[in-house]
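A.B. asks: The following file, final_25.txt, comprises compact mmCIF, C-alpha atoms:
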# COMPACT_ATOMS: atom_id res chain seq x y z
CA MET A 14 23.33 -7.33 37.11
CA VAL A 15 24.19 -9.33 34.02
CA ASP A 16 27.68 -8.90 32.59
CA VAL A 17 27.02 -7.63 29.06
CA SER A 18 29.26 -5.69 26.67
CA LEU A 19 27.70 -6.44 23.28
CA ASP A 20 26.39 -3.54 21.17
CA ARG A 21 23.33 -4.76 19.28
CA ARG A 22 24.38 -2.91 16.14
CA GLU A 23 27.45 -5.20 15.88
CA LEU A 24 25.42 -8.37 16.28
CA LEU A 25 23.59 -9.09 13.02
CA PRO A 26 26.44 -8.13 10.63
CA ALA A 27 28.68 -10.59 12.49
CA LEU A 28 26.07 -13.36 12.52
CA PHE A 29 24.98 -12.97 8.90
CA PRO A 30 27.93 -12.02 6.67
CA ASP A 31 25.73 -12.84 3.65
CA PRO A 32 22.10 -12.24 4.69
CA SER A 33 20.89 -13.01 1.15
CA GLU A 34 21.40 -16.71 1.97
CA TYR A 35 18.33 -16.56 4.21
CA LEU A 36 14.64 -15.83 4.22
CA MET A 37 14.19 -13.59 7.25
CA VAL A 38 11.38 -12.31 9.42
CA SER A 39 11.99 -9.72 12.12
CA GLY A 40 9.87 -8.90 15.16
CA LEU A 41 8.58 -5.43 15.86
CA ALA A 42 10.62 -2.42 17.01
CA GLY A 43 14.41 -2.60 17.35
CA ALA A 44 14.75 -6.10 15.92
CA SER A 45 13.18 -4.97 12.65
CA ARG A 46 15.30 -1.83 12.54
CA ASP A 47 18.47 -3.89 13.02
CA ALA A 48 17.38 -6.47 10.43
CA ALA A 49 16.39 -3.78 7.93
CA ALA A 50 19.76 -2.08 8.36
CA LEU A 51 21.53 -5.44 7.91
CA THR A 52 19.87 -6.14 4.58
CA SER A 53 19.14 -2.56 3.45
CA GLU A 54 15.54 -3.77 3.66
CA ALA A 55 16.03 -6.37 0.96
CA ASP A 56 13.26 -8.49 -0.56
CA ASN A 57 14.24 -11.52 1.54
CA LEU A 58 13.28 -9.75 4.80
CA PHE A 59 9.72 -9.38 6.13
CA THR A 60 9.72 -6.77 8.89
CA MET A 61 6.94 -6.57 11.47
CA GLY A 62 5.55 -3.50 13.17
CA GLY A 63 2.79 -5.18 15.19
CA ALA A 64 1.13 -8.58 15.80
CA MET A 65 3.52 -8.83 18.74
CA GLY A 66 4.53 -12.42 19.41
CA ALA A 67 4.06 -13.69 15.85
CA ALA A 68 7.64 -13.53 14.55
CA VAL A 69 8.62 -17.08 15.50
CA SER A 70 5.37 -18.45 14.07
CA ILE A 71 5.84 -16.63 10.76
CA GLY A 72 9.37 -18.00 10.54
CA LEU A 73 8.13 -21.48 11.35
CA GLY A 74 5.53 -21.27 8.58
CA MET A 75 8.23 -20.23 6.11
CA ALA A 76 10.62 -22.96 7.26
CA LEU A 77 8.06 -25.75 7.03
CA CYS A 78 6.76 -24.68 3.63
CA ALA A 79 10.15 -23.85 2.07
CA PRO A 80 12.32 -26.70 3.37
CA ASP A 81 15.07 -26.00 0.84
CA LYS A 82 15.59 -22.44 2.16
CA LYS A 83 17.44 -21.28 5.27
CA VAL A 84 15.08 -19.26 7.47
CA ALA A 85 16.06 -16.85 10.27
CA VAL A 86 13.82 -15.20 12.85
CA ILE A 87 15.27 -12.02 14.35
CA THR A 88 13.29 -10.86 17.34
CA GLY A 89 13.45 -9.17 20.71
CA ASP A 90 12.96 -10.48 24.24
CA GLY A 91 9.56 -8.82 24.74
CA GLU A 92 8.22 -10.06 21.41
CA LEU A 93 9.45 -13.59 22.07
CA MET A 94 8.08 -13.73 25.62
CA MET A 95 4.60 -12.81 24.41
CA ASN A 96 4.31 -16.19 22.64
CA ILE A 97 7.05 -18.16 24.38
CA GLY A 98 4.99 -21.32 23.78
CA SER A 99 5.87 -21.01 20.10
CA LEU A 100 9.32 -22.39 21.00
CA ALA A 101 7.65 -25.68 21.95
CA THR A 102 5.79 -25.62 18.63
CA VAL A 103 9.11 -25.14 16.83
CA ALA A 104 10.70 -27.97 18.81
CA SER A 105 7.87 -30.40 18.00
CA ALA A 106 7.71 -29.44 14.31
CA ALA A 107 11.54 -29.62 14.23
CA PRO A 108 12.40 -27.80 10.98
CA ILE A 109 16.10 -28.28 10.31
CA ASN A 110 16.30 -25.01 8.34
CA LEU A 111 15.20 -22.60 11.10
CA SER A 112 17.37 -20.37 13.29
CA ILE A 113 15.97 -17.98 15.89
CA VAL A 114 18.03 -15.02 17.14
CA CYS A 115 16.72 -13.13 20.15
CA ILE A 116 18.25 -9.68 20.59
CA ASP A 117 17.71 -9.22 24.30
CA ASN A 118 18.21 -5.76 25.77
CA GLY A 119 16.26 -6.70 28.92
CA GLN A 120 13.73 -3.99 28.33
CA HIS A 121 10.83 -2.79 26.21
CA GLY A 122 12.88 -0.27 24.25
CA GLU A 123 10.17 1.08 21.95
CA THR A 124 7.79 2.03 24.74
CA GLY A 125 10.21 3.80 27.06
CA GLY A 126 12.73 1.24 28.29
CA GLN A 127 10.55 -0.50 30.87
CA LYS A 128 12.36 -3.47 32.42
CA GLY A 129 11.54 -6.91 30.99
CA HIS A 130 11.58 -10.38 32.59
CA THR A 131 15.00 -11.22 31.20
CA ALA A 132 16.64 -8.25 32.92
CA GLU A 133 16.86 -10.26 36.14
CA ARG A 134 15.44 -13.75 36.46
CA THR A 135 14.25 -15.20 33.17
CA ASN A 136 16.74 -17.36 31.26
CA LEU A 137 15.78 -17.74 27.62
CA GLU A 138 18.43 -20.36 26.81
CA LEU A 139 16.97 -22.61 29.50
CA MET A 140 13.45 -21.91 28.24
CA ALA A 141 14.47 -22.86 24.70
CA GLN A 142 16.15 -26.02 25.98
CA GLY A 143 13.12 -26.80 28.11
CA ALA A 144 10.88 -26.39 25.08
CA GLY A 145 12.96 -29.04 23.33
CA ILE A 146 14.97 -26.88 20.92
CA PRO A 147 18.07 -29.00 20.13
CA GLY A 148 20.55 -26.14 19.71
CA ALA A 149 20.68 -23.23 22.18
CA LEU A 150 23.49 -20.77 22.91
CA THR A 151 23.87 -17.58 24.93
CA ILE A 152 26.27 -14.74 24.14
CA SER A 153 26.76 -11.35 25.78
CA HIS A 154 30.21 -10.13 24.63
CA PRO A 155 31.61 -9.19 21.20
CA GLU A 156 34.40 -11.79 21.59
CA GLU A 157 31.70 -14.47 21.34
CA LEU A 158 30.37 -13.36 17.94
CA VAL A 159 32.61 -15.68 15.90
CA ALA A 160 31.43 -18.68 17.87
CA ALA A 161 27.83 -17.48 17.53
CA ALA A 162 28.13 -17.23 13.73
CA ARG A 163 29.53 -20.77 13.68
CA PHE A 164 26.65 -21.90 15.89
CA LEU A 165 24.16 -20.65 13.28
CA THR A 166 25.72 -22.76 10.56
CA GLU A 167 26.96 -25.84 12.40
CA SER A 168 24.83 -26.64 15.45
CA PRO A 169 21.78 -28.93 15.42
CA ALA A 170 18.62 -27.20 14.21
CA PRO A 171 16.17 -25.78 14.91
CA ARG A 172 18.47 -23.53 16.89
CA PHE A 173 18.08 -20.61 19.26
CA LEU A 174 20.66 -17.90 19.91
CA TRP A 175 20.12 -15.71 22.94
CA ALA A 176 22.14 -12.54 22.36
CA ARG A 177 22.20 -10.36 25.47
CA VAL A 178 23.02 -6.83 24.42
CA LEU A 179 23.59 -3.41 25.99
CA PRO A 180 20.45 -1.30 26.27
CA GLY A 181 21.68 1.11 23.59
CA PRO A 182 19.71 2.20 20.55
CA PRO A 183 19.02 -0.11 17.59
CA SER A 184 20.13 0.72 14.07
CA ASP A 185 18.81 3.96 12.64
CA TRP A 186 16.80 2.64 9.71
CA LYS A 187 13.43 4.04 8.62
CA ARG A 188 11.62 1.07 7.12
CA ASN A 189 8.45 0.55 5.11
CA TRP A 190 5.50 0.23 7.53
CA ASN A 191 2.97 -0.87 4.88
CA LEU A 192 2.64 -4.58 5.62
CA ALA A 193 0.63 -5.30 2.48
CA ASP A 194 3.49 -3.83 0.42
CA CYS A 195 6.03 -5.80 2.46
CA ARG A 196 4.06 -9.02 1.91
CA THR A 197 3.82 -8.52 -1.84
CA ARG A 198 7.48 -7.62 -2.23
CA PHE A 199 8.73 -10.61 -0.22
CA ARG A 200 6.32 -13.08 -1.82
CA ASP A 201 6.97 -11.95 -5.37
CA ALA A 202 10.71 -12.28 -4.83
CA VAL A 203 10.35 -15.82 -3.47
CA LEU A 204 7.95 -16.96 -6.18
CA THR A 205 10.00 -15.52 -9.04
CA GLY A 206 13.22 -16.87 -7.57
CA SER A 207 14.82 -13.47 -7.19
CA GLY A 208 14.76 -13.72 -3.39
CA SER A 209 17.05 -15.93 -1.35
CA MET B 118 -9.25 -42.27 1.36
CA THR B 119 -11.75 -45.08 0.90
CA GLU B 120 -10.25 -47.16 3.72
CA SER B 121 -10.42 -44.30 6.24
CA LYS B 122 -12.61 -44.84 9.30
CA GLU B 123 -13.08 -41.10 9.81
CA PRO B 124 -16.58 -39.59 9.42
CA ARG B 125 -17.72 -38.82 5.91
CA TRP B 126 -17.93 -35.06 6.54
CA ALA B 127 -14.33 -34.93 7.78
CA ARG B 128 -13.11 -36.84 4.71
CA SER B 129 -15.07 -34.51 2.46
CA LEU B 130 -13.70 -31.39 4.19
CA PHE B 131 -10.15 -32.73 4.07
CA SER B 132 -10.32 -33.58 0.37
CA GLU B 133 -11.81 -30.15 -0.49
CA LEU B 134 -8.98 -28.43 1.38
CA VAL B 135 -6.32 -30.57 -0.30
CA GLU B 136 -7.96 -29.92 -3.65
CA GLY B 137 -7.75 -26.23 -2.77
CA GLY B 138 -4.00 -26.49 -2.33
CA VAL B 139 -3.77 -26.65 1.46
CA THR B 140 -0.71 -28.60 2.60
CA LEU B 141 -0.28 -27.53 6.22
CA PHE B 142 -2.85 -28.10 8.98
CA THR B 143 -1.98 -26.32 12.23
CA HIS B 144 -4.16 -27.08 15.23
CA VAL B 145 -4.96 -26.84 18.86
CA PRO B 146 -6.67 -30.13 19.65
CA ASP B 147 -10.46 -30.15 19.88
CA ALA B 148 -12.94 -33.02 19.77
CA GLY B 149 -14.51 -31.29 16.75
CA ASN B 150 -11.34 -31.13 14.64
CA ALA B 151 -9.74 -34.43 15.73
CA ALA B 152 -10.80 -36.43 12.67
CA LEU B 153 -9.68 -33.71 10.24
CA VAL B 154 -6.27 -33.48 11.91
CA ARG B 155 -5.82 -37.27 11.88
CA LEU B 156 -6.47 -37.23 8.13
CA ALA B 157 -3.85 -34.50 7.72
CA GLN B 158 -1.36 -36.51 9.78
CA GLU B 159 -1.97 -39.68 7.80
CA SER B 160 -1.84 -38.21 4.29
CA ASN B 161 1.45 -37.98 2.45
CA LYS B 162 0.24 -34.76 0.78
CA THR B 163 -0.19 -32.81 4.02
CA SER B 164 1.38 -32.30 7.42
CA ALA B 165 -0.04 -31.31 10.78
CA VAL B 166 1.56 -28.99 13.32
CA LEU B 167 0.52 -28.94 16.97
CA LEU B 168 0.32 -25.38 18.32
CA SER B 169 0.72 -24.15 21.88
CA ALA B 170 -1.86 -21.41 21.25
CA GLU B 171 -4.17 -20.65 18.36
CA GLU B 172 -2.63 -17.31 17.36
CA GLU B 173 0.56 -19.11 16.36
CA GLY B 174 -1.44 -20.69 13.55
CA VAL B 175 -2.27 -17.23 12.19
CA GLY B 176 1.44 -16.43 11.99
CA ILE B 177 2.16 -19.80 10.37
CA CYS B 178 -0.51 -19.06 7.72
CA ALA B 179 1.32 -15.80 7.00
CA GLY B 180 4.73 -17.49 6.84
CA ALA B 181 3.37 -20.18 4.52
CA ASP B 182 1.85 -17.51 2.27
CA LEU B 183 5.13 -15.61 2.10
CA VAL B 184 6.73 -18.64 0.43
CA GLY B 185 3.71 -19.47 -1.75
CA ALA B 186 2.11 -22.24 0.33
CA ARG B 187 -1.33 -22.61 1.92
CA SER B 188 -2.01 -23.34 5.56
CA VAL B 189 -5.12 -23.54 7.76
CA VAL B 190 -5.63 -23.21 11.54
CA CYS B 191 -7.96 -25.68 13.25
CA MET B 192 -9.27 -24.57 16.63
CA GLN B 193 -12.14 -24.68 19.06
CA SER B 194 -14.20 -21.49 19.23
CA SER B 195 -12.53 -20.54 22.54
CA GLY B 196 -9.32 -20.05 20.56
CA VAL B 197 -10.76 -17.31 18.37
CA GLY B 198 -10.26 -14.82 21.17
CA ASN B 199 -6.57 -15.73 21.36
CA CYS B 200 -6.11 -14.83 17.69
CA ILE B 201 -7.39 -11.26 17.68
CA ASN B 202 -4.22 -9.16 17.55
CA HIS B 203 -2.43 -11.52 15.18
CA LEU B 204 -5.36 -11.16 12.77
CA SER B 205 -3.93 -7.67 12.12
CA LEU B 206 -2.02 -9.56 9.43
CA VAL B 207 -5.30 -9.97 7.53
CA LYS B 208 -6.69 -6.46 7.66
CA GLY B 209 -3.34 -4.73 7.37
CA GLY B 210 -1.40 -7.11 5.15
CA ARG B 211 -4.06 -8.99 3.18
CA PHE B 212 -2.59 -12.29 4.28
CA PRO B 213 -4.88 -15.24 3.38
CA VAL B 214 -5.59 -16.64 6.84
CA PHE B 215 -7.96 -19.63 6.92
CA LEU B 216 -9.48 -20.60 10.28
CA ILE B 217 -11.53 -23.76 10.84
CA VAL B 218 -13.51 -23.11 14.01
CA THR B 219 -15.35 -25.94 15.73
CA MET B 220 -17.95 -24.40 17.98
CA ARG B 221 -18.59 -24.65 21.69
CA GLY B 222 -20.92 -22.35 23.54
CA ASP B 223 -23.72 -22.39 21.02
CA TYR B 224 -26.62 -24.77 20.24
CA GLY B 225 -27.07 -27.33 23.03
CA GLU B 226 -24.02 -26.32 25.12
CA MET B 227 -24.05 -27.53 28.76
CA ASN B 228 -20.81 -25.90 29.98
CA PRO B 229 -21.34 -22.31 31.18
CA TRP B 230 -17.62 -21.55 30.70
CA GLN B 231 -18.04 -21.99 26.95
CA TYR B 232 -20.83 -19.47 26.37
CA PRO B 233 -19.01 -16.12 26.70
CA MET B 234 -16.40 -16.80 24.01
CA GLY B 235 -18.66 -19.02 21.92
CA GLN B 236 -21.27 -16.30 21.64
CA ALA B 237 -18.61 -13.68 20.84
CA VAL B 238 -17.03 -15.57 17.93
CA ASP B 239 -18.88 -13.80 15.12
CA ALA B 240 -18.44 -10.33 16.61
CA VAL B 241 -14.73 -10.88 17.21
CA LEU B 242 -14.08 -12.24 13.72
CA GLU B 243 -16.09 -9.49 12.05
CA ALA B 244 -14.32 -6.83 14.08
CA MET B 245 -11.03 -8.05 12.63
CA GLY B 246 -12.34 -8.12 9.06
CA MET B 247 -12.70 -11.89 8.74
CA LEU B 248 -15.40 -13.42 6.51
CA ILE B 249 -17.53 -16.06 8.22
CA PHE B 250 -18.74 -19.22 6.47
CA ARG B 251 -21.05 -20.95 8.93
CA VAL B 252 -22.00 -24.60 8.52
CA ASP B 253 -25.08 -25.90 10.33
CA SER B 254 -25.53 -29.17 8.42
CA GLU B 255 -23.45 -31.67 6.46
CA GLU B 256 -25.22 -30.63 3.25
CA GLU B 257 -23.78 -27.11 3.56
CA LEU B 258 -20.21 -28.17 4.21
CA GLU B 259 -18.86 -28.71 0.70
CA VAL B 260 -20.21 -25.52 -0.83
CA ALA B 261 -19.17 -23.45 2.20
CA THR B 262 -15.66 -24.92 2.12
CA ARG B 263 -15.28 -24.14 -1.59
CA ALA B 264 -16.58 -20.61 -1.06
CA ALA B 265 -14.17 -20.05 1.83
CA LEU B 266 -11.21 -21.41 -0.16
CA SER B 267 -12.03 -19.13 -3.06
CA ALA B 268 -12.47 -16.05 -0.86
CA CYS B 269 -9.21 -16.74 0.97
CA PHE B 270 -6.67 -17.92 -1.53
CA SER B 271 -8.05 -16.27 -4.66
CA GLY B 272 -9.86 -13.31 -3.12
CA GLY B 273 -7.17 -12.42 -0.59
CA GLN B 274 -9.57 -12.44 2.37
CA GLY B 275 -9.23 -13.83 5.86
CA VAL B 276 -11.90 -16.47 6.38
CA ALA B 277 -13.38 -18.59 9.15
CA LEU B 278 -15.20 -21.82 8.33
CA VAL B 279 -17.36 -22.15 11.44
CA LEU B 280 -18.74 -25.62 12.16
CA SER B 281 -21.62 -25.19 14.57
CA GLN B 282 -22.80 -27.49 17.35
CA ARG B 283 -26.04 -27.91 15.46
CA PHE B 284 -23.87 -29.66 12.86
CA LEU B 285 -21.23 -31.29 15.08
CA GLY B 286 -23.47 -32.08 18.04
CA ALA B 287 -23.13 -30.70 21.56
CA LYS B 288 -20.40 -32.14 23.80
CA ALA B 289 -21.08 -33.88 27.11
CA PHE B 290 -18.12 -32.18 28.85
Would it be possible to restate this file's structure as C-alpha cells?
C.D. replies:
Amino acid sequence: MVDVSLDRRELLPALFPDPSEYLMVSGLAGASRDAAALTSEADNLFTMGGAMGAAVSIGLGMALCAPDKKVAVITGDGELMMNIGSLATVASAAPINLSIVCIDNGQHGETGGQKGHTAERTNLELMAQGAGIPGALTISHPEELVAAARFLTESPAPRFLWARVLPGPPSDWKRNWNLADCRTRFRDAVLTGSGS
Amino acid sequence: MTESKEPRWARSLFSELVEGGVTLFTHVPDAGNAALVRLAQESNKTSAVLLSAEEEGVGICAGADLVGARSVVCMQSSGVGNCINHLSLVKGGRFPVFLIVTMRGDYGEMNPWQYPMGQAVDAVLEAMGMLIFRVDSEEELEVATRAALSACFSGGQGVALVLSQRFLGAKAF
C-alpha cells in the first residue's frame, strides 16, 4: 500500500493561502466540496457536479482566454482519469498561468468508495510528465505542503500537483448545484472585474 | 486573407467566425476542417488548440465563456458521440457551445465504419438540446454561420454547424 498521511481537508488551505488570486474550477464530488469550503463558494470558483472529465478542459479554456489571470483546476483522480488525454492538450497548448491539483484518494468516494486505478498501479505524476507537462510533483504527507505551495508559485507551468490523500471525507460544504446560476455568477464577476 | 491558398468557403467561414468574435479554434484533425484550422493557426487574431478528444473542446468552450471569450470545436462527425455527456453544460448551464461538424457517414460515404455515428449525429445533438444548422451547399454557408453565431453567442444556445458530404464531397478513405 501507498504510504499516505495527508488529510485532504488540510490540503487546499495550505496550497492557496489567498484563493482570491486565482480563477478556479473544481471537478465533481469531493474536489468541489473542498474547493467550495476553501473559498466559501466565492465568485472566482466554478464548481462542477457532472460532465465528469471536463474540469481540466474548462480550466484550460479559462487559462488560454484570460492569460493575465492565474487559473487553478482542483479535481479528483477519477475525474482526471476519465479524460487523461486532456493533460496532453494542456502540455501542447502550454498556458503558463495554469496549475492543476489532483486530490487523489485512490477511490470513487461519491459512489461508495470503489477502488480507483491510482490505488495500486497508476502513477499520475509520470502520466503528467509523459504528457509533456513541464512541472509535476507528488506529495502524500502534511510535511510536504510547504514545498507544494512553493511549487504552485515557482515551478515551470503549466504544472501538475498530485496530492495523495487519506480516504477520509471531504469538506462538509453544501454548494449551489444550479450550474446556470454558477456560470452567471462567475462570469459576471470576471467581466465586471470584481472576481480575481 | 487575399493571399491565402485555402478554399473560398473555408476563408468565408473563418472570416464570419472571426467577425462573430471567435478567437479560439479547438479541433480534432479531420480532412474537412483542415483548411479552417490552418487559417486559425495562421491568423494573428486567433489561435488553434489540438485536442486529444472532442469532448475537451466542449469544456474549453465553457472555460472561454466563463472569462468572456468565444471558442468553437471543430470535429469530424464521429466525434459528436464523444461529446454527449459534456454537452450537459449546454442544457444545464446555458453555456454557448459552438460545434463545427464535418460529416462522414452520409451522402456518398464508402466506409461502413462511418455510417453508424454519421447517421446518429442529428439524433444525438437534438437529444442534448443542441440546435443544428446544416449546410449542403456553399451558397448556404454564410447565412447558416451567421444564424448559428447569433443563436449561440447572443441567444445562449448550443449549436452545431454541420457541413455535409453533399457540400464537402465524399472521402476516398
A.B. asks: Interatomic distance between atom CA of B:Ser129 and atom CA of B:Leu258?
C.D. replies: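 It comes out at 8.3 Å.
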A.B. asks: Counting only C-alpha atoms, what is within 12 Å of stretch 211-214 of chain B, bar same-chain residues fewer than 5 positions away, as a PyMOL selection string?
C.D. replies: (chain A and resi 71+191-197+200) or (chain B and resi 139+142-143+172-191+200+203-206+242+245-248+265-278)
A.B. asks: Do me a favour and pick out the residues of chain A within 7 Å of chain B, using all atoms listed in the file, as an NGL selection string.
C.D. replies: :A and (64 or 67 or 70-75 or 78-79 or 98-99 or 102 or 106 or 192-193 or 196 or 199-200 or 203-204)
A.B. asks: Which residues are near B:Glu255? Cut-off 9 Å, all atoms listed in the file, ignore same chain within fewer than 2 positions. Put them as a list of chain:residue names.
C.D. replies: B:Trp126, B:Val252, B:Asp253, B:Glu257, B:Leu258, B:Glu259, B:Phe284, B:Leu285
A.B. asks: Would you mind listing what lies within 7 Å of stretch 126-139 of chain A as a list in words, with all atoms listed in the file counted and same-chain residues fewer than 2 positions away left out?
C.D. replies: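 My list of contacting residues is Gly91, Gly119, Gln120, His121, Gly122, Glu123, Thr124, Ala141, Gln142, Gly143, Ala149, Leu150, Thr151 and Trp175 of chain A.
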A.B. asks: So that I can see what lies close to stretch 45-51 of chain A, please list as number ranges by chain the residues with an atom at most 12 Å from it, counting all atoms listed in the file and leaving out residues fewer than 3 positions away in the same chain.
C.D. replies: A: 20-33, 35-42, 54-63, 68, 85-89, 92, 114-116, 123, 182-190, 195
A.B. asks: From the list B:Gln236, B:Gln282, B:Ser194, B:Gln158, which residue is nearest B:Val218 when using only C-alpha atoms?
C.D. replies: B:Ser194
A.B. asks: Could you please determine the separation between atom CA of A:Arg177 and atom CA of A:Ala161 in Å, to one decimal place?
C.D. replies: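 Distance between the two atoms: 12.1 Å.
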A.B. asks: Using all atoms listed in the file, can you tell me which of B:Arg283, B:Arg263, B:Lys122, B:Lys162 comes closest to B:Gly137?
C.D. replies: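 Once distances to B:Gly137 are computed over all atoms listed in the file, the minimum belongs to B:Arg263.
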A.B. asks: List the spatial neighbours of B:Gly286 as a compact mmCIF listing (two decimals) with C-alpha atoms, keeping the file's coordinate frame - criterion: any atom at most 12 Å away, only C-alpha atoms, same-chain residues fewer than 3 positions off excluded.
C.D. replies:
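Listed below is the output, result08.txt:
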# COMPACT_ATOMS: atom_id res chain seq x y z
CA ALA B 148 -12.94 -33.02 19.77
CA GLY B 149 -14.51 -31.29 16.75
CA THR B 219 -15.35 -25.94 15.73
CA MET B 220 -17.95 -24.40 17.98
CA ARG B 221 -18.59 -24.65 21.69
CA GLY B 222 -20.92 -22.35 23.54
CA ASP B 223 -23.72 -22.39 21.02
CA TYR B 224 -26.62 -24.77 20.24
CA GLY B 225 -27.07 -27.33 23.03
CA GLU B 226 -24.02 -26.32 25.12
CA MET B 227 -24.05 -27.53 28.76
CA ASP B 253 -25.08 -25.90 10.33
CA SER B 254 -25.53 -29.17 8.42
CA GLU B 255 -23.45 -31.67 6.46
CA LEU B 280 -18.74 -25.62 12.16
CA SER B 281 -21.62 -25.19 14.57
CA GLN B 282 -22.80 -27.49 17.35
CA ARG B 283 -26.04 -27.91 15.46
CA ALA B 289 -21.08 -33.88 27.11
A.B. asks: Would you mind reading off the distance between atom CA of A:Gly206 and atom CA of A:Ile109, one decimal, in Å?
C.D. replies: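 Atom-to-atom, atom CA of A:Gly206 to atom CA of A:Ile109, that is 21.4 Å.
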A.B. asks: Could you please give me, as JSON, numbers by chain, the residues of protein, DNA or RNA lying at most 9 Å from (-16.1, -16.9, 25.1) in the coordinate frame of the file, considering only C-alpha atoms?
C.D. replies: {"B": [194, 195, 196, 197, 198, 221, 222, 230, 231, 232, 233, 234, 235, 236, 237, 238]}
A.B. asks: From the set A:Ala144, A:Val84, A:Val15, A:Ala170, which residue has the shortest atom-to-atom contact distance to A:Ile97, counting only C-alpha atoms?
C.D. replies: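 Comparing A:Ala144, A:Val84, A:Val15, A:Ala170 against A:Ile97, the winner is A:Ala144.
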A.B. asks: Would you be able to write out as a ChimeraX atom specification which residues have an atom within 10 Å of (19.4, -26.8, 15.1) in the file's coordinates, counting all atoms listed in the file?
C.D. replies: /A:104,107-113,146-149,164-173
